[in-house]
Each structure stands twice: as C-alpha cells, then as structure tokens.
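A.B. asks: The structure under discussion is supplied below as structure tokens; questions concerning it will follow.
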Amino acid sequence: MQKLNIRGGKPLNGSVRISGAKNAALPIISASLLSAEPLALTNVPQLNDIGTMVKLLAQMGVKADRSAESLTLSAANITDKTAPYELVKTMRASILVLGPLLARFGEAKVSLPGGCAIGARPVDLHIKGLEAMGASITIEAGYILARAAKLKGARILMETVTVTGTENLMMAACLADGTTTLENAAREPEVVDLALCLIAMGAKITGHGTDKITVVGVEKLHGARYAVMPDRIETGTFLAAVAATGGDVTLTNAAPDTLDAVIDRLRESGATITATADTLRIVANKRPKPISLKTAPYPAFPTDMQAQFIALNCVASGTAVVTETIFENRFMHVQELVRLGAKIEIEGNTAIVHGVEKLTGAGVMATDLRASACLVIAGLVAHGETIIDRIYHLDRGYDHIEAKLTALGAQIERLN
Ligand code: UD1
C-alpha cells in the first residue's frame, strides 16, 4: 500500500493551479446518460473517483474518450442499466446514475451504497423523490430496482438538504413529463454547475443556487461542451495548509466566490487573502488564531473542510470549538492528530482543539478523503518526518497533490 512521507516544519511559497471540481465532475459525467449525443467536458480532474465513474458508465455501454483534462462521453448505445456493488461500494457517488438511467430508459438497477467511514449516509430521499415522480422502486438483494414508463413532474420537499439527492432528482426531472419543483434543495456550487451543464444540453431549469429549483421536463437532451468548475475544496485545502505552515501562495484557475465562508474564517485566523475573479493569494506569517466553526449546508461552512481546519487549529494560539452537523462520525482524523502531539477532546459532535506550539512527525493512518488532507496539512506543519498510510483515500479526491505541494517547496514523497 502506498504511503506519503512528509518532512514538515517549512512554509509554502509559490503558485499552484487548482483542478476541476470532483464533486461537480461526478454528477456531470453521469448526466451524459441523459442524452444519445456526446457530452464533451474540459477541466475534468485526474482522480481515482473520476476513473471509477467512467468505468461504471463504460460497463453500461458509454463510450469514453479521455485525454488529460478532457473527457468526451457518448451514451448512444446503452447495453446495461446496472450499477454493480463492486463499483458502488468504492464510491458512493455512483448513486448519481439512478436518476438519469430511470429518466431516459425507464429502468435502473443500482446497488445500495451501504455505510461509509463517516456515517450511515442513507439514500432514502433520492428514492422518495423518484417515487413522487411516479417511479416504482423496490429493494432486492442489496439493489435498488427502479421502473417508470415515463417519470412525471412533481413537487418534492426534501426534509434534509442533500447534495447528490438534489442532483439525482434534478437530472431525472429534465426528461419527466411536466414541471418538477425541488424544495429545500441543496444550494452548493456543484449543484449549480450541474444545472448549467444540463441547461447547455437543452434542459429547462431555474432557481439553481436557491433552495427551490424548478425543472420543466423536455422530450430529449442534446450534446454539449462544458468546462467543469474549479474545485473549491481543493482550493480551501491549499489555503488552510498555507495558513497553518505560513508562506505566500497564489492559486490560479480558482473560483473565489464559491468559498466565502472558508476565506472569511482564514482571514479571522490572521492570514491575508486577496482575490481576483479566478485567483487567490494567501500570505500568512504569524501563528494562526483559533477558529471556532460549525459545519452546515452551503453557503455556511462546508463539512468537507472541517478536518483541514482542525489541523490548522492544532497549532493555533488558543482553543477552538469545531462542531460537525452533517455527518455523525467525521472526527476520525482526531486520534491520528493526537499522535502528532495535538491536544483535542471530542464531546459528541464537537471537537475542542487546544492549540499547541508545535506538532512532531509520526506515523499516521488516513481514514477517509478529507481526513487524509487534514493529515497532509498536519504533516506539513509538524517538525520531523510524518508517514501517512492508506493514501488511496487521498488519490480519490486530490489531483497530483505531491507534485503541487512539491512545487510550493514542501518535502513530500510517495513510498510504494
Ligand atoms: C455530498 C458530497 C460530499 C459532502 C456532502 C455534504 C458529492 C459526490 N459528495 O455528499 O463530499 O461531504 O455532500 O456536503 O457531492 N441524507 C439522508 N437521506 C438521503 C440523503 C442524505 O438522510 O437520502 C443525509 C446524510 O446522511 C447526511 C446529509 O443528509 O447527514 C447530507 O448528505 P448529502 O448532502 O446527501 O451528502 P452526499 O450528497 O452523499
């Protein structure tokens, strides 16, 4: 199993290009199932999760043509409408094929994702929404079996804000008969990016970016070209890393207007951040101030940045209180940080982080994607050598992370 070896304790300096957003690319790739014509994408990040999604679509009959950050998908000949357990279990976002398959072909068989390291993560709201649109859905042998001769527009109130749930139902509604309204819809920028891609394919969507999305169904969608938005979580991760280590870093191909909550908190920590439409520069030269926060759906502070901010708080000049409200088991990075000398207590869904002067390198284990990013930040801050095991989690969501950090002066090496 591959590991990362980091020799930390040095500031980061230089410039890094942000990749396309994983969580926008995944639903956009599955949206290719909605049309018989090709969808040509650019700014697609080079990540294991993208590879998994393309593999999933390829075994359904989608032709995929990939070179570097371009990906063209053609779903003209679909031979299988199944998302098998073997792929779904490695990536929960596979559930995103359910809405498109059902809407275009009237049937889908998608494995239930099951639990994951950060919590139970049910898909009941995806299922309820599709049922409201007239689908008949049963669960058999761990699979969701869905059928509908033709989906019908409906008014759907989602009791919890769900990102992939909103995306699945928005895609399904594009080819339904009549108008669908999604209430309490997710407002995440990735939902907006998917909506813009669907509109480029001929969908009639309004209200994306608000909590009420309206979709007027059309007969069919056509091909399109679309550039995936920049990854706001990768951006935030680099910003948090520089706030923790100190330094002066410019991020290009970024979308600063998608991460206001993160930027505000980093400014509170003492970093100076300046933005243009597509770049961000962070300068940090003092010990960070502690940042207390509570995760919540967009536009509030993202759960996908919680772990990285705990790493930052580990070396802050005081105590921070971090509350996780989205997932019930998302503090697994804490016990690893303690191995590096961090002082953290957990009380229910809250972590109390007492900043220490310095962390010291040690062996640690990555437990999920964002926890891995948190350990990389801690490793960059810690004096001495940190070895992070199980970095396959990191490769799911961070495009060329060692190369990017090396370009900023970090001493980081992959061990096979
Ligand atoms: C997406 C992101 C993930 C991010 C999360 C929250 C992708 C591919 N993944 O995950 O990186 O951490 O949003 O911002 O975009 N829930 C239900 N029933 C459902 C669906 C969700 O109860 O049918 C609950 C979940 O258990 C969780 C909350 O709703 O507590 C939010 O989850 P959701 O927004 O659905 O997360 P994902 O879309 O899976």
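Following the order of the structure tokens, first chain is A, next is B, and so on, with residues numbered from 1 inside each chain and ligands from 1 in the order they appear.
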Find the nearest atom pair between each residue of chain A and ligand 1 for residues within 8 Å, count only C-alpha atoms and all ligand atoms, give distances in Å to one decimal, sort rows by chain and ascending number, and present the table as JSON lines.
C.D. replies:
{"residue": "A:Lys22", "atom": "CA", "partner": "ligand 1", "partner_atom_place_in_ligand_line": "8 (C)", "distance": 7.3}
{"residue": "A:Asn23", "atom": "CA", "partner": "ligand 1", "partner_atom_place_in_ligand_line": "15 (O)", "distance": 4.3}
{"residue": "A:Ala24", "atom": "CA", "partner": "ligand 1", "partner_atom_place_in_ligand_line": "15 (O)", "distance": 6.9}
{"residue": "A:Leu26", "atom": "CA", "partner": "ligand 1", "partner_atom_place_in_ligand_line": "8 (C)", "distance": 6.5}
{"residue": "A:Pro27", "atom": "CA", "partner": "ligand 1", "partner_atom_place_in_ligand_line": "8 (C)", "distance": 7.4}
{"residue": "A:Arg92", "atom": "CA", "partner": "ligand 1", "partner_atom_place_in_ligand_line": "39 (O)", "distance": 6.9}
{"residue": "A:Ala93", "atom": "CA", "partner": "ligand 1", "partner_atom_place_in_ligand_line": "8 (C)", "distance": 4.9}
{"residue": "A:Gly119", "atom": "CA", "partner": "ligand 1", "partner_atom_place_in_ligand_line": "26 (O)", "distance": 7.1}
{"residue": "A:Ala120", "atom": "CA", "partner": "ligand 1", "partner_atom_place_in_ligand_line": "26 (O)", "distance": 6.1}
{"residue": "A:Arg121", "atom": "CA", "partner": "ligand 1", "partner_atom_place_in_ligand_line": "26 (O)", "distance": 3.6}
{"residue": "A:Pro122", "atom": "CA", "partner": "ligand 1", "partner_atom_place_in_ligand_line": "18 (N)", "distance": 4.6}
{"residue": "A:Val123", "atom": "CA", "partner": "ligand 1", "partner_atom_place_in_ligand_line": "23 (O)", "distance": 3.2}
{"residue": "A:Asp124", "atom": "CA", "partner": "ligand 1", "partner_atom_place_in_ligand_line": "23 (O)", "distance": 3.9}
{"residue": "A:Leu125", "atom": "CA", "partner": "ligand 1", "partner_atom_place_in_ligand_line": "23 (O)", "distance": 3.5}
{"residue": "A:His126", "atom": "CA", "partner": "ligand 1", "partner_atom_place_in_ligand_line": "23 (O)", "distance": 5.1}
{"residue": "A:Ile127", "atom": "CA", "partner": "ligand 1", "partner_atom_place_in_ligand_line": "23 (O)", "distance": 7.2}
{"residue": "A:Thr160", "atom": "CA", "partner": "ligand 1", "partner_atom_place_in_ligand_line": "29 (O)", "distance": 5.6}
{"residue": "A:Val161", "atom": "CA", "partner": "ligand 1", "partner_atom_place_in_ligand_line": "29 (O)", "distance": 5.9}
{"residue": "A:Thr162", "atom": "CA", "partner": "ligand 1", "partner_atom_place_in_ligand_line": "34 (O)", "distance": 3.3}
{"residue": "A:Val163", "atom": "CA", "partner": "ligand 1", "partner_atom_place_in_ligand_line": "34 (O)", "distance": 3.8}
{"residue": "A:Thr164", "atom": "CA", "partner": "ligand 1", "partner_atom_place_in_ligand_line": "38 (O)", "distance": 3.6}
{"residue": "A:Gly165", "atom": "CA", "partner": "ligand 1", "partner_atom_place_in_ligand_line": "35 (O)", "distance": 5.6}
{"residue": "A:Ala186", "atom": "CA", "partner": "ligand 1", "partner_atom_place_in_ligand_line": "34 (O)", "distance": 7.4}
{"residue": "A:Glu188", "atom": "CA", "partner": "ligand 1", "partner_atom_place_in_ligand_line": "14 (O)", "distance": 7.8}
{"residue": "A:Glu190", "atom": "CA", "partner": "ligand 1", "partner_atom_place_in_ligand_line": "15 (O)", "distance": 7.3}
{"residue": "A:Ala296", "atom": "CA", "partner": "ligand 1", "partner_atom_place_in_ligand_line": "14 (O)", "distance": 7.9}
{"residue": "A:Pro297", "atom": "CA", "partner": "ligand 1", "partner_atom_place_in_ligand_line": "14 (O)", "distance": 6.2}
{"residue": "A:Tyr298", "atom": "CA", "partner": "ligand 1", "partner_atom_place_in_ligand_line": "14 (O)", "distance": 7.6}
{"residue": "A:Pro302", "atom": "CA", "partner": "ligand 1", "partner_atom_place_in_ligand_line": "14 (O)", "distance": 6.2}
{"residue": "A:Thr303", "atom": "CA", "partner": "ligand 1", "partner_atom_place_in_ligand_line": "12 (O)", "distance": 5.6}
{"residue": "A:Asp304", "atom": "CA", "partner": "ligand 1", "partner_atom_place_in_ligand_line": "12 (O)", "distance": 5.0}
{"residue": "A:Thr325", "atom": "CA", "partner": "ligand 1", "partner_atom_place_in_ligand_line": "30 (O)", "distance": 7.8}
{"residue": "A:Ile326", "atom": "CA", "partner": "ligand 1", "partner_atom_place_in_ligand_line": "30 (O)", "distance": 4.6}
{"residue": "A:Phe327", "atom": "CA", "partner": "ligand 1", "partner_atom_place_in_ligand_line": "30 (O)", "distance": 4.8}
{"residue": "A:Glu328", "atom": "CA", "partner": "ligand 1", "partner_atom_place_in_ligand_line": "30 (O)", "distance": 7.2}
A.B. asks: May I have the residues from that selection written out with N, CA, C and O atoms, as a compact mmCIF listing (two decimals), in the first residue's frame?
C.D. replies:
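Done, and the output landed in selection-v6.txt:
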# COMPACT_ATOMS: atom_id res chain seq x y z
N LYS A 22 -14.06 17.71 -8.26
CA LYS A 22 -14.51 16.31 -8.23
C LYS A 22 -16.03 16.23 -8.09
O LYS A 22 -16.70 15.52 -8.83
N ASN A 23 -16.58 16.97 -7.11
CA ASN A 23 -18.00 16.81 -6.80
C ASN A 23 -18.92 17.49 -7.82
O ASN A 23 -20.14 17.33 -7.75
N ALA A 24 -18.34 18.26 -8.76
CA ALA A 24 -19.15 18.74 -9.89
C ALA A 24 -18.97 17.77 -11.07
O ALA A 24 -19.93 17.44 -11.77
N LEU A 26 -18.40 14.56 -11.06
CA LEU A 26 -19.09 13.26 -10.92
C LEU A 26 -20.55 13.32 -11.39
O LEU A 26 -20.95 12.51 -12.22
N PRO A 27 -21.37 14.27 -10.90
CA PRO A 27 -22.74 14.32 -11.43
C PRO A 27 -22.78 14.70 -12.91
O PRO A 27 -23.63 14.21 -13.66
N ARG A 92 -19.57 6.12 -3.29
CA ARG A 92 -21.00 6.32 -3.06
C ARG A 92 -21.65 7.17 -4.13
O ARG A 92 -22.85 7.02 -4.41
N ALA A 93 -20.89 8.08 -4.75
CA ALA A 93 -21.47 8.96 -5.77
C ALA A 93 -21.99 8.19 -6.98
O ALA A 93 -22.68 8.76 -7.82
N GLY A 119 -20.18 7.79 8.34
CA GLY A 119 -21.53 7.71 8.87
C GLY A 119 -22.43 6.82 8.02
O GLY A 119 -21.99 6.20 7.05
N ALA A 120 -23.72 6.78 8.39
CA ALA A 120 -24.66 5.86 7.73
C ALA A 120 -24.97 6.29 6.29
O ALA A 120 -25.01 5.47 5.39
N ARG A 121 -25.16 7.55 6.05
CA ARG A 121 -25.40 8.13 4.73
C ARG A 121 -26.47 7.38 3.91
O ARG A 121 -26.17 6.77 2.89
N PRO A 122 -27.73 7.46 4.35
CA PRO A 122 -28.82 6.81 3.61
C PRO A 122 -29.11 7.49 2.27
O PRO A 122 -28.63 8.60 2.03
N VAL A 123 -29.88 6.81 1.40
CA VAL A 123 -30.29 7.42 0.13
C VAL A 123 -31.82 7.46 0.03
O VAL A 123 -32.39 7.51 -1.05
N ASP A 124 -32.50 7.45 1.20
CA ASP A 124 -33.96 7.41 1.21
C ASP A 124 -34.59 8.60 0.48
O ASP A 124 -35.64 8.47 -0.15
N LEU A 125 -33.94 9.77 0.54
CA LEU A 125 -34.55 10.96 -0.08
C LEU A 125 -34.46 10.90 -1.61
O LEU A 125 -35.34 11.40 -2.31
N HIS A 126 -33.41 10.25 -2.13
CA HIS A 126 -33.32 10.03 -3.58
C HIS A 126 -34.52 9.16 -4.00
O HIS A 126 -35.21 9.45 -4.99
N ILE A 127 -34.73 8.08 -3.23
CA ILE A 127 -35.78 7.11 -3.58
C ILE A 127 -37.17 7.74 -3.46
O ILE A 127 -37.98 7.65 -4.38
N THR A 160 -34.24 16.85 4.47
CA THR A 160 -32.85 17.20 4.80
C THR A 160 -32.22 17.74 3.52
O THR A 160 -32.58 17.29 2.44
N VAL A 161 -31.31 18.69 3.66
CA VAL A 161 -30.62 19.19 2.47
C VAL A 161 -29.64 18.12 2.02
O VAL A 161 -28.73 17.74 2.77
N THR A 162 -29.82 17.58 0.82
CA THR A 162 -28.90 16.56 0.30
C THR A 162 -28.36 16.98 -1.07
O THR A 162 -29.14 17.32 -1.96
N VAL A 163 -27.05 16.94 -1.19
CA VAL A 163 -26.40 17.42 -2.42
C VAL A 163 -26.65 16.44 -3.56
O VAL A 163 -27.25 16.79 -4.58
N THR A 164 -26.21 15.18 -3.40
CA THR A 164 -26.41 14.23 -4.50
C THR A 164 -27.89 13.91 -4.69
O THR A 164 -28.32 13.62 -5.80
N GLY A 165 -28.69 13.99 -3.61
CA GLY A 165 -30.14 13.79 -3.75
C GLY A 165 -30.74 14.85 -4.67
O GLY A 165 -31.50 14.54 -5.60
N ALA A 186 -30.45 21.57 -2.27
CA ALA A 186 -29.08 21.97 -1.92
C ALA A 186 -28.68 23.15 -2.80
O ALA A 186 -29.02 23.20 -3.98
N GLU A 188 -25.41 24.13 -3.08
CA GLU A 188 -23.96 24.01 -3.30
C GLU A 188 -23.59 24.43 -4.73
O GLU A 188 -24.34 24.16 -5.68
N GLU A 190 -21.68 23.08 -6.72
CA GLU A 190 -21.60 21.92 -7.63
C GLU A 190 -22.99 21.60 -8.20
O GLU A 190 -23.10 21.10 -9.32
N ALA A 296 -22.33 23.24 8.07
CA ALA A 296 -23.75 23.28 7.68
C ALA A 296 -23.80 23.35 6.15
O ALA A 296 -22.79 23.65 5.51
N PRO A 297 -24.99 23.11 5.55
CA PRO A 297 -25.07 23.18 4.09
C PRO A 297 -24.66 24.56 3.56
O PRO A 297 -24.74 25.56 4.28
N TYR A 298 -24.25 24.61 2.29
CA TYR A 298 -23.86 25.85 1.63
C TYR A 298 -24.98 26.88 1.74
O TYR A 298 -26.13 26.49 1.63
N PRO A 302 -18.39 24.40 4.91
CA PRO A 302 -18.56 23.02 4.39
C PRO A 302 -17.97 21.93 5.28
O PRO A 302 -16.84 22.07 5.78
N THR A 303 -18.71 20.85 5.45
CA THR A 303 -18.20 19.69 6.19
C THR A 303 -16.91 19.16 5.55
O THR A 303 -16.04 18.65 6.25
N ASP A 304 -16.78 19.31 4.23
CA ASP A 304 -15.58 18.80 3.56
C ASP A 304 -14.33 19.62 3.87
O ASP A 304 -13.25 19.29 3.39
N THR A 325 -22.16 19.10 11.95
CA THR A 325 -23.61 18.86 11.99
C THR A 325 -24.11 18.01 10.83
O THR A 325 -25.28 17.64 10.79
N ILE A 326 -23.25 17.69 9.85
CA ILE A 326 -23.74 16.96 8.66
C ILE A 326 -23.57 15.45 8.80
O ILE A 326 -24.50 14.69 8.52
N PHE A 327 -22.40 15.01 9.21
CA PHE A 327 -22.14 13.57 9.33
C PHE A 327 -21.84 13.22 10.79
O PHE A 327 -21.17 13.98 11.50
N GLU A 328 -22.30 12.02 11.21
CA GLU A 328 -22.23 11.70 12.64
C GLU A 328 -20.88 11.16 13.10
O GLU A 328 -20.59 11.12 14.27
A.B. asks: Please extract the residues of segment 187-234 of chain A with a backbone DSSP assignment of strand (DSSP E or B) and present them as a compact mmCIF listing (two decimals) with N, CA and C atoms, in the first residue's frame.
C.D. replies:
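Printed below is part.txt as written:
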# COMPACT_ATOMS: atom_id res chain seq x y z
N LYS A 204 -34.52 22.66 -19.12
CA LYS A 204 -35.15 23.92 -18.71
C LYS A 204 -35.17 23.96 -17.18
N ILE A 205 -34.17 24.61 -16.62
CA ILE A 205 -34.01 24.65 -15.16
C ILE A 205 -33.91 26.10 -14.71
N THR A 206 -34.63 26.43 -13.62
CA THR A 206 -34.46 27.75 -13.00
C THR A 206 -34.36 27.55 -11.49
N HIS A 208 -31.64 27.26 -9.67
CA HIS A 208 -30.42 26.60 -9.17
C HIS A 208 -29.59 27.63 -8.42
N THR A 210 -30.59 28.43 -5.43
CA THR A 210 -31.53 28.77 -4.35
C THR A 210 -32.07 27.46 -3.78
N LYS A 212 -35.08 26.47 -4.00
CA LYS A 212 -36.22 25.97 -4.76
C LYS A 212 -35.83 25.92 -6.24
N ILE A 213 -35.66 24.70 -6.73
CA ILE A 213 -35.25 24.51 -8.14
C ILE A 213 -36.47 24.05 -8.92
N THR A 214 -36.70 24.67 -10.07
CA THR A 214 -37.82 24.27 -10.92
C THR A 214 -37.28 23.71 -12.22
N VAL A 215 -37.80 22.55 -12.62
CA VAL A 215 -37.35 21.91 -13.85
C VAL A 215 -38.59 21.62 -14.70
N VAL A 216 -38.62 22.16 -15.91
CA VAL A 216 -39.70 21.85 -16.85
C VAL A 216 -39.16 20.76 -17.77
N ALA A 224 -23.39 18.58 -25.76
CA ALA A 224 -22.91 19.91 -25.35
C ALA A 224 -21.42 19.83 -25.04
N ARG A 225 -20.82 21.02 -24.94
CA ARG A 225 -19.45 21.13 -24.44
C ARG A 225 -19.55 21.88 -23.13
N TYR A 226 -18.79 21.46 -22.13
CA TYR A 226 -18.91 22.12 -20.84
C TYR A 226 -17.58 22.02 -20.07
N ALA A 227 -17.20 23.14 -19.43
CA ALA A 227 -15.99 23.17 -18.60
C ALA A 227 -16.40 23.05 -17.13
N PRO A 230 -13.93 25.03 -10.99
CA PRO A 230 -12.76 24.72 -10.16
C PRO A 230 -13.17 24.09 -8.82
A.B. asks: My list of candidates is A:Ala146, A:Ile199, A:Ala83, A:Ile6. Which is closest to Gly361 of chain A when distances are computed with only C-alpha atoms?
C.D. replies: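 Checking each candidate against Gly361 of chain A, we get A:Ile6 as the closest.
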A.B. asks: Write out as CSV a residue-level contact list of segment 280-391 of chain A versus segment 252-255 of chain A with cut-off 12 Å: for each qualifying residue the closest pair of atoms and the distance in Å to one decimal, counting only C-alpha atoms, rows sorted by chain and residue number upward.
C.D. replies:
residue,atom,partner,partner_atom,distance
A:Leu280,CA,A:Thr252,CA,6.8
A:Arg281,CA,A:Thr252,CA,8.8
A:Ile282,CA,A:Thr252,CA,11.7
A.B. asks: Go through A:Thr406, A:Asn5, A:Thr323, A:Ser74 one by one, measure the shortest atom-to-atom distance of each to Gly384 of chain A using only C-alpha atoms, and give the residue with the smallest value.
C.D. replies: A:Asn5
A.B. asks: Name the residues in contact with segment 306-319 of chain A at a cut-off of 7 Å, using only C-alpha atoms, excluding same-chain residues fewer than 4 positions from it; report them as a list in words.
C.D. replies: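 Counting only C-alpha atoms, the residues come to Thr237, Ala240, Ala244, Arg287, Pro288, Lys289, Pro290, Ile291, Pro302, His333, Ala342, Ile352, Val353, His354, Gly355, Val356, Glu357, Lys358, Arg370, Ala371, Ala373, Cys374, Ile377 and Ala378 of chain A.
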A.B. asks: As an MDAnalysis selection string, please: the residues near Leu293 of chain A (cut-off 8 Å, only C-alpha atoms, same-chain neighbours under 2 positions excluded).
C.D. replies: chainID A and resid 291 295 301 320:323
A.B. asks: Tell me, as a VMD selection string, which residues lie within 12 Å of Lys404 of chain A, counting only C-alpha atoms; anything in the same chain fewer than 2 positions away does not count.
C.D. replies: chain A and resid 12 to 19 234 to 235 238 249 to 251 398 to 402 406 to 413
A.B. asks: Mind the document's chain letters and residue numbers, and return as number ranges by chain the residues of segment 68-192 of chain A that DSSP labels helix (DSSP H, G or I).
C.D. replies: A: 85-88, 92-105, 124-132, 163-174, 189-192
A.B. asks: Find the spatial neighbours of Glu140 of chain A, counting only C-alpha atoms, within a cut-off of 10 Å - ignore same-chain residues fewer than 2 positions away - and output them as a ChimeraX atom specification.
C.D. replies: /A:109,111-112,137-138,142-145
A.B. asks: Measuring between only C-alpha atoms, which one of A:Asp49, A:Glu131, A:Asp257, A:Asp193 shows the shortest distance to Gly209 of chain A?
C.D. replies: A:Asp193
A.B. asks: Neighbours of Ala103 of chain A within 12 Å (only C-alpha atoms; same-chain residues fewer than 2 positions away dropped), as a ChimeraX atom specification?
C.D. replies: /A:31,33-35,81,97-101,105-108,130,133-135,146-153,168-177,217-221
A.B. asks: Write the selection just made, keeping C-alpha atoms, as an mmCIF file, in the first residue's frame?
C.D. replies:
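In the end it all went to part.cif:
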data_model
loop_
_atom_site.group_PDB
_atom_site.id
_atom_site.type_symbol
_atom_site.label_atom_id
_atom_site.label_comp_id
_atom_site.auth_asym_id
_atom_site.auth_seq_id
_atom_site.Cartn_x
_atom_site.Cartn_y
_atom_site.Cartn_z
ATOM 1 C CA ALA A 31 -25.586 13.464 -16.799
ATOM 2 C CA LEU A 33 -26.517 9.202 -19.647
ATOM 3 C CA LEU A 34 -29.420 11.597 -20.295
ATOM 4 C CA SER A 35 -28.590 12.096 -23.991
ATOM 5 C CA LYS A 81 -28.593 -0.305 -16.804
ATOM 6 C CA VAL A 97 -26.621 7.204 -12.260
ATOM 7 C CA LEU A 98 -30.022 6.285 -10.786
ATOM 8 C CA GLY A 99 -31.951 9.416 -11.840
ATOM 9 C CA PRO A 100 -30.542 9.671 -15.390
ATOM 10 C CA LEU A 101 -30.979 5.929 -16.191
ATOM 11 C CA PHE A 105 -34.608 4.311 -20.184
ATOM 12 C CA GLY A 106 -37.460 3.763 -17.717
ATOM 13 C CA GLU A 107 -35.407 1.368 -15.620
ATOM 14 C CA ALA A 108 -32.319 1.179 -13.423
ATOM 15 C CA LEU A 130 -38.229 9.414 -7.622
ATOM 16 C CA MET A 133 -42.299 11.344 -9.780
ATOM 17 C CA GLY A 134 -44.154 8.073 -10.368
ATOM 18 C CA ALA A 135 -41.348 5.507 -10.216
ATOM 19 C CA ALA A 146 -36.488 1.290 -10.222
ATOM 20 C CA ARG A 147 -39.031 1.391 -13.038
ATOM 21 C CA ALA A 148 -41.189 4.084 -14.615
ATOM 22 C CA ALA A 149 -42.668 4.080 -18.118
ATOM 23 C CA LYS A 150 -42.348 7.882 -18.018
ATOM 24 C CA LEU A 151 -41.484 9.992 -14.981
ATOM 25 C CA LYS A 152 -43.961 12.757 -14.136
ATOM 26 C CA GLY A 153 -43.227 16.202 -12.775
ATOM 27 C CA ASN A 168 -30.233 12.954 -8.887
ATOM 28 C CA LEU A 169 -33.759 14.402 -8.827
ATOM 29 C CA MET A 170 -32.813 17.455 -10.920
ATOM 30 C CA MET A 171 -31.360 15.155 -13.611
ATOM 31 C CA ALA A 172 -34.391 12.844 -13.529
ATOM 32 C CA ALA A 173 -36.778 15.815 -13.804
ATOM 33 C CA CYS A 174 -35.113 17.020 -17.022
ATOM 34 C CA LEU A 175 -36.812 14.254 -19.033
ATOM 35 C CA ALA A 176 -40.032 13.969 -16.976
ATOM 36 C CA ASP A 177 -43.475 14.906 -18.235
ATOM 37 C CA GLY A 217 -39.272 18.450 -18.491
ATOM 38 C CA VAL A 218 -38.284 18.241 -22.163
ATOM 39 C CA GLU A 219 -38.584 15.384 -24.684
ATOM 40 C CA LYS A 220 -34.812 14.909 -25.036
ATOM 41 C CA LEU A 221 -31.457 16.489 -24.260
#
A.B. asks: So how far away is atom CA of Leu102 of chain A from atom CA of His222 of chain A, in Å?
C.D. replies: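 Answer for the atom CA of His222 of chain A to atom CA of Leu102 of chain A separation: 17.4 Å.
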